[in-house]
Amino acid sequence: MMTVDWIAADWGTTNLRVWAIGKDGAVLAQAGSNKGMGSLKRDEFEGALLEVVGPWLTDGKRLPVIACGMVGARQGWLEAPYAKVPCPPLHADNMVSVPVQDPRISVSIIPGLCQMQPADVMRGEETQIAGYLFDKPDFDGVLCLPGTHTKWAQISAGEVVSFRTFMSGELFSLISTQSVLRHSIPADGWQQDAFASAVDDAISKPEAVASRLFSLRAESLLTDADPAAARARLSGLLIGMELAASRPYWLGQNIAIIGARALSDLYAKALSAQGCRPVITDNDTLTLSGLKAARAQMEKDQAQ
């Protein structure tokens with residue numbers, strides 16, 4: 001019978017993932033559900049958690065649960081107020097304790113980060129950043145976290161100095177499925193040369209991107225343009241426009257990319273074409289590493 005020391009939880013908008021962690025930090029078991037923050041009322045979170053971690057609990061022992069992600073949003077279980085940058089990606093003092101009814105668990109939520117000028121927020125990515133710095137505490141440079149809302153974070157001396165968010169992923173989804181371009185952009189397919197040229201085009205002339213987007217529709221009407229190339233060009237134009245705006249972050253910097261492999265590869269290729277040498281890191285591993293870093297901080301504070 002396994003002896004669980006604590007439980008790590010990554011609770012996003014659509015899904016919940018949990019890991020049973022032993023005293024030595026080893027993952028003893030893992031589970032999950034599709035009961036993300038977006039589908040739950042405030043009084044339903046504890047039940048949703050117990051559904052997946054119940055088999056790991058025993059009477060007479062209270063297990064700490066450390067959670068990150070949208071569970072701490074204003075619409076989540078309990079709002080975990082943002083920590084203001086510059087600051088470390090996480091700190092035990094900023095964690096929020098959630099009142100629970102079941103005596104077998106205690107729940108703490110890791111807060112997100114905010115920036116006042118220009119206004120920006122992140123929630124969940126701070127744990128991945130903490131995981132990266134847990135393994136590479138001396139890293140000085142920029143972390144790129146591509147996704148629906150891509151984050152660029154400047155890291156120095158173990159702190160997030162500043163960050164910016166770009167909605168490139170969401171724009172790609174909206175434009176390809178809800179705009180006039182939906183008639184020209186297929187659900188899959190790819191042409192790397194088309195992507196690369198579109199990135200260069202957008203970086204050199206970001207002010208022309210709105211016009212270049214409509215050209216994708218016109219080309220499909222007037223020529224035998226490859227639909228797969230149109231999909232790649234749309235992605236390249238949006239990522240290129242993002243790179244043009246985020247140039248102060250990545251130019252001349254050490255760059256690490258944290259995200260899903262396919263999307264991370266696109267960013268790596270786009271950055272490499274600009275003379276950068278980005279390194280890709282697995283985001284799932286870093287989320288768990290960040291949760292372990294939070295647990296280590298809590299134990300350190302409790303021992304003092």
# chains A, B, ... in the order shown; residues from 1 in each chain; ligands from 1
call {"tool": "residues_around", "arguments": {"residues": "A:Leu234", "least_positions_apart": "6", "cutoff": "8 Å", "atoms": "only C-alpha atoms", "output": "PyMOL selection string"}}
result
chain A and resi 172+195+198+213+216
call {"tool": "closest_atom_pairs", "arguments": {"of": "stretch 131-184 of chain A", "to": "stretch 90-97 of chain A", "cutoff": "10 Å", "atoms": "only C-alpha atoms", "output": "Markdown table"}}
result
| residue | atom | partner | partner_atom | distance |
| --- | --- | --- | --- | --- |
| A:Gly131 | CA | A:Leu90 | CA | 9.9 |
| A:Glu159 | CA | A:Leu90 | CA | 9.2 |
| A:Val160 | CA | A:Leu90 | CA | 9.7 |
call {"tool": "write_last_selection", "arguments": {"atoms": "all heavy atoms", "output": "mmCIF file, in the first residue's frame"}}
result
data_model
loop_
_atom_site.group_PDB
_atom_site.id
_atom_site.type_symbol
_atom_site.label_atom_id
_atom_site.label_comp_id
_atom_site.auth_asym_id
_atom_site.auth_seq_id
_atom_site.Cartn_x
_atom_site.Cartn_y
_atom_site.Cartn_z
ATOM 1 N N GLY A 131 8.929 25.901 -11.913
ATOM 2 C CA GLY A 131 9.499 24.584 -12.182
ATOM 3 C C GLY A 131 10.780 24.676 -12.986
ATOM 4 O O GLY A 131 11.744 23.944 -12.727
ATOM 5 N N GLU A 159 13.798 35.981 -10.333
ATOM 6 C CA GLU A 159 12.532 36.697 -10.308
ATOM 7 C C GLU A 159 11.978 36.900 -11.717
ATOM 8 O O GLU A 159 12.735 36.955 -12.693
ATOM 9 C CB GLU A 159 12.696 38.068 -9.643
ATOM 10 C CG GLU A 159 12.981 38.003 -8.153
ATOM 11 C CD GLU A 159 12.902 39.381 -7.513
ATOM 12 O OE1 GLU A 159 13.056 40.395 -8.226
ATOM 13 O OE2 GLU A 159 12.677 39.433 -6.288
ATOM 14 N N VAL A 160 10.660 37.028 -11.785
ATOM 15 C CA VAL A 160 10.016 37.480 -13.016
ATOM 16 C C VAL A 160 10.055 39.005 -12.977
ATOM 17 O O VAL A 160 9.392 39.639 -12.150
ATOM 18 C CB VAL A 160 8.559 36.984 -13.112
ATOM 19 C CG1 VAL A 160 7.904 37.513 -14.382
ATOM 20 C CG2 VAL A 160 8.510 35.461 -13.078
#
call {"tool": "select_by_dssp", "arguments": {"residues": "stretch 65-248 of chain A", "states": "strand (DSSP E or B)", "output": "number ranges by chain"}}
result
A: 65-68, 83-84, 87, 96-98, 105-109, 113-115, 120-122, 141-145, 150-156, 159-166
call {"tool": "closest_residue", "arguments": {"among": "A:Ser162, A:Thr223, A:Thr148, A:Ser204", "to": "A:Leu174", "atoms": "only C-alpha atoms"}}
result
A:Thr148
call {"tool": "select_by_dssp", "arguments": {"residues": "stretch 101-204 of chain A", "states": "helix (DSSP H, G or I)", "output": "ChimeraX atom specification"}}
result
/A:125-135,168-178,180-183,192-204
call {"tool": "write_last_selection", "arguments": {"atoms": "C-alpha atoms", "output": "CSV table (one decimal), in the first residue's frame"}}
result
chain,number,residue,atom,x,y,z
A,125,GLU,CA,2.3,29.9,-16.1
A,126,GLU,CA,4.0,31.1,-12.9
A,127,THR,CA,4.1,27.5,-11.7
A,128,GLN,CA,5.8,26.4,-14.9
A,129,ILE,CA,8.3,29.2,-14.6
A,130,ALA,CA,8.9,28.1,-11.0
A,131,GLY,CA,9.5,24.6,-12.2
A,132,TYR,CA,12.0,25.8,-14.8
A,133,LEU,CA,13.9,27.8,-12.2
A,134,PHE,CA,13.8,25.0,-9.7
A,135,ASP,CA,15.9,23.0,-12.1
A,168,SER,CA,-1.9,35.0,-31.2
A,169,GLY,CA,-3.3,31.5,-30.5
A,170,GLU,CA,-6.8,32.7,-29.8
A,171,LEU,CA,-6.6,35.0,-32.9
A,172,PHE,CA,-5.6,32.0,-35.0
A,173,SER,CA,-8.6,30.1,-33.8
A,174,LEU,CA,-11.1,32.9,-34.2
A,175,ILE,CA,-9.8,34.0,-37.7
A,176,SER,CA,-9.6,30.4,-39.0
A,177,THR,CA,-13.1,29.4,-37.8
A,178,GLN,CA,-15.2,32.5,-37.5
A,180,VAL,CA,-14.3,35.2,-43.8
A,181,LEU,CA,-11.0,33.3,-43.9
A,182,ARG,CA,-12.8,30.2,-42.6
A,183,HIS,CA,-13.6,29.4,-46.2
A,192,GLN,CA,6.7,25.0,-43.7
A,193,ASP,CA,8.1,27.3,-46.5
A,194,ALA,CA,4.8,29.2,-46.4
A,195,PHE,CA,5.0,29.6,-42.7
A,196,ALA,CA,8.6,30.8,-42.7
A,197,SER,CA,8.0,33.4,-45.4
A,198,ALA,CA,4.9,34.7,-43.6
A,199,VAL,CA,6.9,35.1,-40.4
A,200,ASP,CA,9.6,37.1,-42.2
A,201,ASP,CA,6.9,39.2,-43.9
A,202,ALA,CA,5.1,40.0,-40.6
A,203,ILE,CA,8.3,40.8,-38.7
A,204,SER,CA,9.5,43.2,-41.5
call {"tool": "atom_distance", "arguments": {"atom1": "atom CA of A:Thr13", "atom2": "atom CA of A:Asn34"}}
result
9.3 Å
call {"tool": "residues_around", "arguments": {"residues": "A:Leu40", "least_positions_apart": "3", "cutoff": "10 Å", "atoms": "only C-alpha atoms", "output": "PyMOL selection string"}}
result
chain A and resi 13-14+35-37+43-45+48+71+75-77
call {"tool": "write_last_selection", "arguments": {"atoms": "C-alpha atoms", "output": "short mmCIF file (atom, residue, chain, number, x, y, z; two decimals), in the first residue's frame"}}
result
data_model
loop_
_atom_site.label_atom_id
_atom_site.label_comp_id
_atom_site.auth_asym_id
_atom_site.auth_seq_id
_atom_site.Cartn_x
_atom_site.Cartn_y
_atom_site.Cartn_z
CA THR A 13 -10.44 25.81 -17.10
CA THR A 14 -11.32 22.49 -18.75
CA LYS A 35 -14.21 18.87 -14.29
CA GLY A 36 -12.28 22.05 -14.89
CA MET A 37 -12.93 25.43 -13.35
CA ASP A 43 -19.49 24.73 -3.87
CA GLU A 44 -18.68 21.90 -6.31
CA PHE A 45 -14.87 22.13 -6.28
CA ALA A 48 -14.76 17.28 -7.80
CA VAL A 71 -8.82 27.14 -9.70
CA GLN A 75 -14.53 32.52 -10.89
CA GLY A 76 -12.70 29.55 -9.30
CA TRP A 77 -12.82 27.79 -5.94
#
call {"tool": "atom_distance", "arguments": {"atom1": "atom CA of A:Ala9", "atom2": "atom CA of A:Ala67"}}
result
4.4 Å
call {"tool": "residues_around", "arguments": {"residues": "A:Gly124", "least_positions_apart": "4", "cutoff": "10 Å", "atoms": "only C-alpha atoms", "output": "ChimeraX atom specification"}}
result
/A:10-12,67-73,110-113,128-129,287,290
call {"tool": "write_last_selection", "arguments": {"atoms": "N, CA, C and O atoms", "output": "PDB file, in the first residue's frame"}}
result
ATOM      1  N   ASP A  10      -3.035  20.352 -10.821  1.00  0.00           N
ATOM      2  CA  ASP A  10      -3.028  21.352 -11.886  1.00  0.00           C
ATOM      3  C   ASP A  10      -4.473  21.465 -12.359  1.00  0.00           C
ATOM      4  O   ASP A  10      -4.985  20.593 -13.041  1.00  0.00           O
ATOM      5  N   TRP A  11      -5.142  22.576 -11.983  1.00  0.00           N
ATOM      6  CA  TRP A  11      -6.587  22.701 -12.192  1.00  0.00           C
ATOM      7  C   TRP A  11      -6.848  23.866 -13.142  1.00  0.00           C
ATOM      8  O   TRP A  11      -6.835  25.025 -12.754  1.00  0.00           O
ATOM      9  N   GLY A  12      -7.093  23.511 -14.399  1.00  0.00           N
ATOM     10  CA  GLY A  12      -7.321  24.526 -15.412  1.00  0.00           C
ATOM     11  C   GLY A  12      -8.792  24.779 -15.666  1.00  0.00           C
ATOM     12  O   GLY A  12      -9.672  24.333 -14.926  1.00  0.00           O
ATOM     13  N   ALA A  67      -2.453  23.339  -5.262  1.00  0.00           N
ATOM     14  CA  ALA A  67      -3.072  23.472  -6.583  1.00  0.00           C
ATOM     15  C   ALA A  67      -2.615  24.747  -7.279  1.00  0.00           C
ATOM     16  O   ALA A  67      -2.373  25.784  -6.650  1.00  0.00           O
ATOM     17  N   CYS A  68      -2.517  24.662  -8.601  1.00  0.00           N
ATOM     18  CA  CYS A  68      -2.200  25.837  -9.410  1.00  0.00           C
ATOM     19  C   CYS A  68      -3.207  25.928 -10.543  1.00  0.00           C
ATOM     20  O   CYS A  68      -3.951  24.988 -10.817  1.00  0.00           O
ATOM     21  N   GLY A  69      -3.239  27.071 -11.203  1.00  0.00           N
ATOM     22  CA  GLY A  69      -4.104  27.225 -12.367  1.00  0.00           C
ATOM     23  C   GLY A  69      -5.335  28.059 -12.099  1.00  0.00           C
ATOM     24  O   GLY A  69      -5.426  28.794 -11.111  1.00  0.00           O
ATOM     25  N   MET A  70      -6.326  27.894 -12.948  1.00  0.00           N
ATOM     26  CA  MET A  70      -7.533  28.714 -12.907  1.00  0.00           C
ATOM     27  C   MET A  70      -8.420  28.416 -11.711  1.00  0.00           C
ATOM     28  O   MET A  70      -9.395  29.130 -11.473  1.00  0.00           O
ATOM     29  N   VAL A  71      -8.090  27.394 -10.944  1.00  0.00           N
ATOM     30  CA  VAL A  71      -8.818  27.138  -9.701  1.00  0.00           C
ATOM     31  C   VAL A  71      -8.727  28.340  -8.766  1.00  0.00           C
ATOM     32  O   VAL A  71      -9.614  28.561  -7.931  1.00  0.00           O
ATOM     33  N   GLY A  72      -7.679  29.153  -8.917  1.00  0.00           N
ATOM     34  CA  GLY A  72      -7.509  30.330  -8.074  1.00  0.00           C
ATOM     35  C   GLY A  72      -8.006  31.614  -8.706  1.00  0.00           C
ATOM     36  O   GLY A  72      -7.780  32.698  -8.174  1.00  0.00           O
ATOM     37  N   ALA A  73      -8.725  31.508  -9.836  1.00  0.00           N
ATOM     38  CA  ALA A  73      -9.257  32.696 -10.496  1.00  0.00           C
ATOM     39  C   ALA A  73     -10.457  33.249  -9.741  1.00  0.00           C
ATOM     40  O   ALA A  73     -11.003  32.595  -8.843  1.00  0.00           O
ATOM     41  N   ILE A 110      -1.815  28.291  -5.384  1.00  0.00           N
ATOM     42  CA  ILE A 110      -0.723  29.177  -5.779  1.00  0.00           C
ATOM     43  C   ILE A 110      -1.311  30.365  -6.544  1.00  0.00           C
ATOM     44  O   ILE A 110      -2.092  30.182  -7.479  1.00  0.00           O
ATOM     45  N   PRO A 111      -0.971  31.598  -6.171  1.00  0.00           N
ATOM     46  CA  PRO A 111      -1.509  32.768  -6.888  1.00  0.00           C
ATOM     47  C   PRO A 111      -0.804  32.978  -8.218  1.00  0.00           C
ATOM     48  O   PRO A 111       0.314  32.500  -8.437  1.00  0.00           O
ATOM     49  N   GLY A 112      -1.463  33.713  -9.107  1.00  0.00           N
ATOM     50  CA  GLY A 112      -0.830  34.111 -10.349  1.00  0.00           C
ATOM     51  C   GLY A 112       0.021  35.355 -10.144  1.00  0.00           C
ATOM     52  O   GLY A 112       0.245  35.811  -9.018  1.00  0.00           O
ATOM     53  N   LEU A 113       0.503  35.920 -11.252  1.00  0.00           N
ATOM     54  CA  LEU A 113       1.318  37.133 -11.227  1.00  0.00           C
ATOM     55  C   LEU A 113       0.614  38.233 -12.004  1.00  0.00           C
ATOM     56  O   LEU A 113      -0.141  37.965 -12.948  1.00  0.00           O
ATOM     57  N   GLN A 128       4.848  26.903 -13.974  1.00  0.00           N
ATOM     58  CA  GLN A 128       5.791  26.354 -14.945  1.00  0.00           C
ATOM     59  C   GLN A 128       7.123  27.097 -14.876  1.00  0.00           C
ATOM     60  O   GLN A 128       8.196  26.483 -14.953  1.00  0.00           O
ATOM     61  N   ILE A 129       7.060  28.417 -14.711  1.00  0.00           N
ATOM     62  CA  ILE A 129       8.291  29.194 -14.570  1.00  0.00           C
ATOM     63  C   ILE A 129       9.044  28.774 -13.314  1.00  0.00           C
ATOM     64  O   ILE A 129      10.270  28.608 -13.332  1.00  0.00           O
ATOM     65  N   THR A 287       5.294  21.863 -14.861  1.00  0.00           N
ATOM     66  CA  THR A 287       4.178  22.146 -13.964  1.00  0.00           C
ATOM     67  C   THR A 287       4.332  21.365 -12.670  1.00  0.00           C
ATOM     68  O   THR A 287       4.195  21.919 -11.569  1.00  0.00           O
ATOM     69  N   GLY A 290       7.165  22.736 -10.600  1.00  0.00           N
ATOM     70  CA  GLY A 290       6.780  23.952  -9.905  1.00  0.00           C
ATOM     71  C   GLY A 290       5.949  23.674  -8.669  1.00  0.00           C
ATOM     72  O   GLY A 290       6.117  24.325  -7.632  1.00  0.00           O
TER      73      GLY A 290
END
call {"tool": "residues_around", "arguments": {"residues": "A:Pro186", "least_positions_apart": "2", "cutoff": "7 Å", "atoms": "only C-alpha atoms", "output": "ChimeraX atom specification"}}
result
/A:184,188,227-228,231
call {"tool": "residues_around", "arguments": {"residues": "A:Leu50", "least_positions_apart": "6", "cutoff": "12 Å", "atoms": "only C-alpha atoms", "output": "compact mmCIF listing (two decimals) with N, CA and C atoms, in the first residue's frame"}}
result
# COMPACT_ATOMS: atom_id res chain seq x y z
N ILE A 7 -0.44 15.94 -2.21
CA ILE A 7 -1.07 15.82 -3.53
C ILE A 7 -0.83 17.10 -4.32
N ALA A 9 -1.84 19.35 -7.71
CA ALA A 9 -3.01 19.51 -8.58
C ALA A 9 -2.80 20.64 -9.57
N LEU A 16 -8.78 18.81 -14.78
CA LEU A 16 -8.08 18.69 -13.50
C LEU A 16 -7.12 17.52 -13.58
N VAL A 18 -4.13 15.47 -11.19
CA VAL A 18 -3.58 15.34 -9.83
C VAL A 18 -2.52 14.25 -9.80
N ALA A 31 -4.01 10.93 -11.61
CA ALA A 31 -5.40 10.79 -12.04
C ALA A 31 -5.86 12.13 -12.59
N GLY A 32 -7.10 12.18 -13.06
CA GLY A 32 -7.62 13.42 -13.59
C GLY A 32 -9.09 13.30 -13.95
N SER A 33 -9.66 14.44 -14.33
CA SER A 33 -11.05 14.47 -14.76
C SER A 33 -11.25 15.66 -15.67
N LYS A 35 -13.51 17.88 -15.09
CA LYS A 35 -14.21 18.87 -14.29
C LYS A 35 -13.28 20.04 -14.00
N GLU A 44 -18.87 23.22 -5.68
CA GLU A 44 -18.68 21.90 -6.31
C GLU A 44 -17.21 21.50 -6.41
N TRP A 56 -6.72 7.89 -2.45
CA TRP A 56 -5.42 8.11 -1.83
C TRP A 56 -5.53 8.56 -0.38
N LEU A 57 -6.75 8.84 0.08
CA LEU A 57 -6.94 9.41 1.41
C LEU A 57 -7.22 8.33 2.44
N LEU A 63 -3.91 15.18 4.32
CA LEU A 63 -2.92 15.36 3.26
C LEU A 63 -2.99 16.77 2.70
N VAL A 65 -2.90 19.44 -0.15
CA VAL A 65 -3.11 19.52 -1.59
C VAL A 65 -2.66 20.89 -2.04
N VAL A 100 -12.15 23.79 3.75
CA VAL A 100 -12.73 22.53 3.26
C VAL A 100 -13.49 21.84 4.38
N GLN A 101 -14.40 20.96 4.00
CA GLN A 101 -15.19 20.22 4.97
C GLN A 101 -14.58 18.88 5.31
N ASP A 102 -13.90 18.26 4.35
CA ASP A 102 -13.33 16.95 4.57
C ASP A 102 -12.05 17.07 5.41
N PRO A 103 -11.97 16.40 6.57
CA PRO A 103 -10.80 16.53 7.44
C PRO A 103 -9.56 15.81 6.91
N ARG A 104 -9.70 15.09 5.81
CA ARG A 104 -8.56 14.33 5.27
C ARG A 104 -7.68 15.15 4.34
N ILE A 105 -8.09 16.38 4.02
CA ILE A 105 -7.30 17.22 3.11
C ILE A 105 -7.20 18.65 3.64
N SER A 106 -6.11 19.31 3.28
CA SER A 106 -5.98 20.76 3.41
C SER A 106 -5.55 21.25 2.03
N VAL A 107 -6.12 22.35 1.58
CA VAL A 107 -5.91 22.80 0.20
C VAL A 107 -5.30 24.20 0.19
call {"tool": "residues_around", "arguments": {"residues": "A:Glu242", "least_positions_apart": "2", "cutoff": "12 Å", "atoms": "only C-alpha atoms", "output": "NGL selection string"}}
result
:A and (144 or 146 or 149-152 or 164-169 or 171 or 199-200 or 202-207 or 209 or 235-240 or 244-250 or 267 or 270-271)
call {"tool": "closest_residue", "arguments": {"among": "A:Val85, A:Leu243, A:Val27, A:Ala210", "to": "A:Gln117", "atoms": "only C-alpha atoms"}}
result
A:Val85
call {"tool": "atom_distance", "arguments": {"atom1": "atom CA of A:Leu288", "atom2": "atom CA of A:Ala8"}}
result
7.3 Å
call {"tool": "closest_residue", "arguments": {"among": "A:Ser156, A:Ala294, A:Leu263, A:Lys23", "to": "A:Leu143", "atoms": "only C-alpha atoms"}}
result
A:Ser156
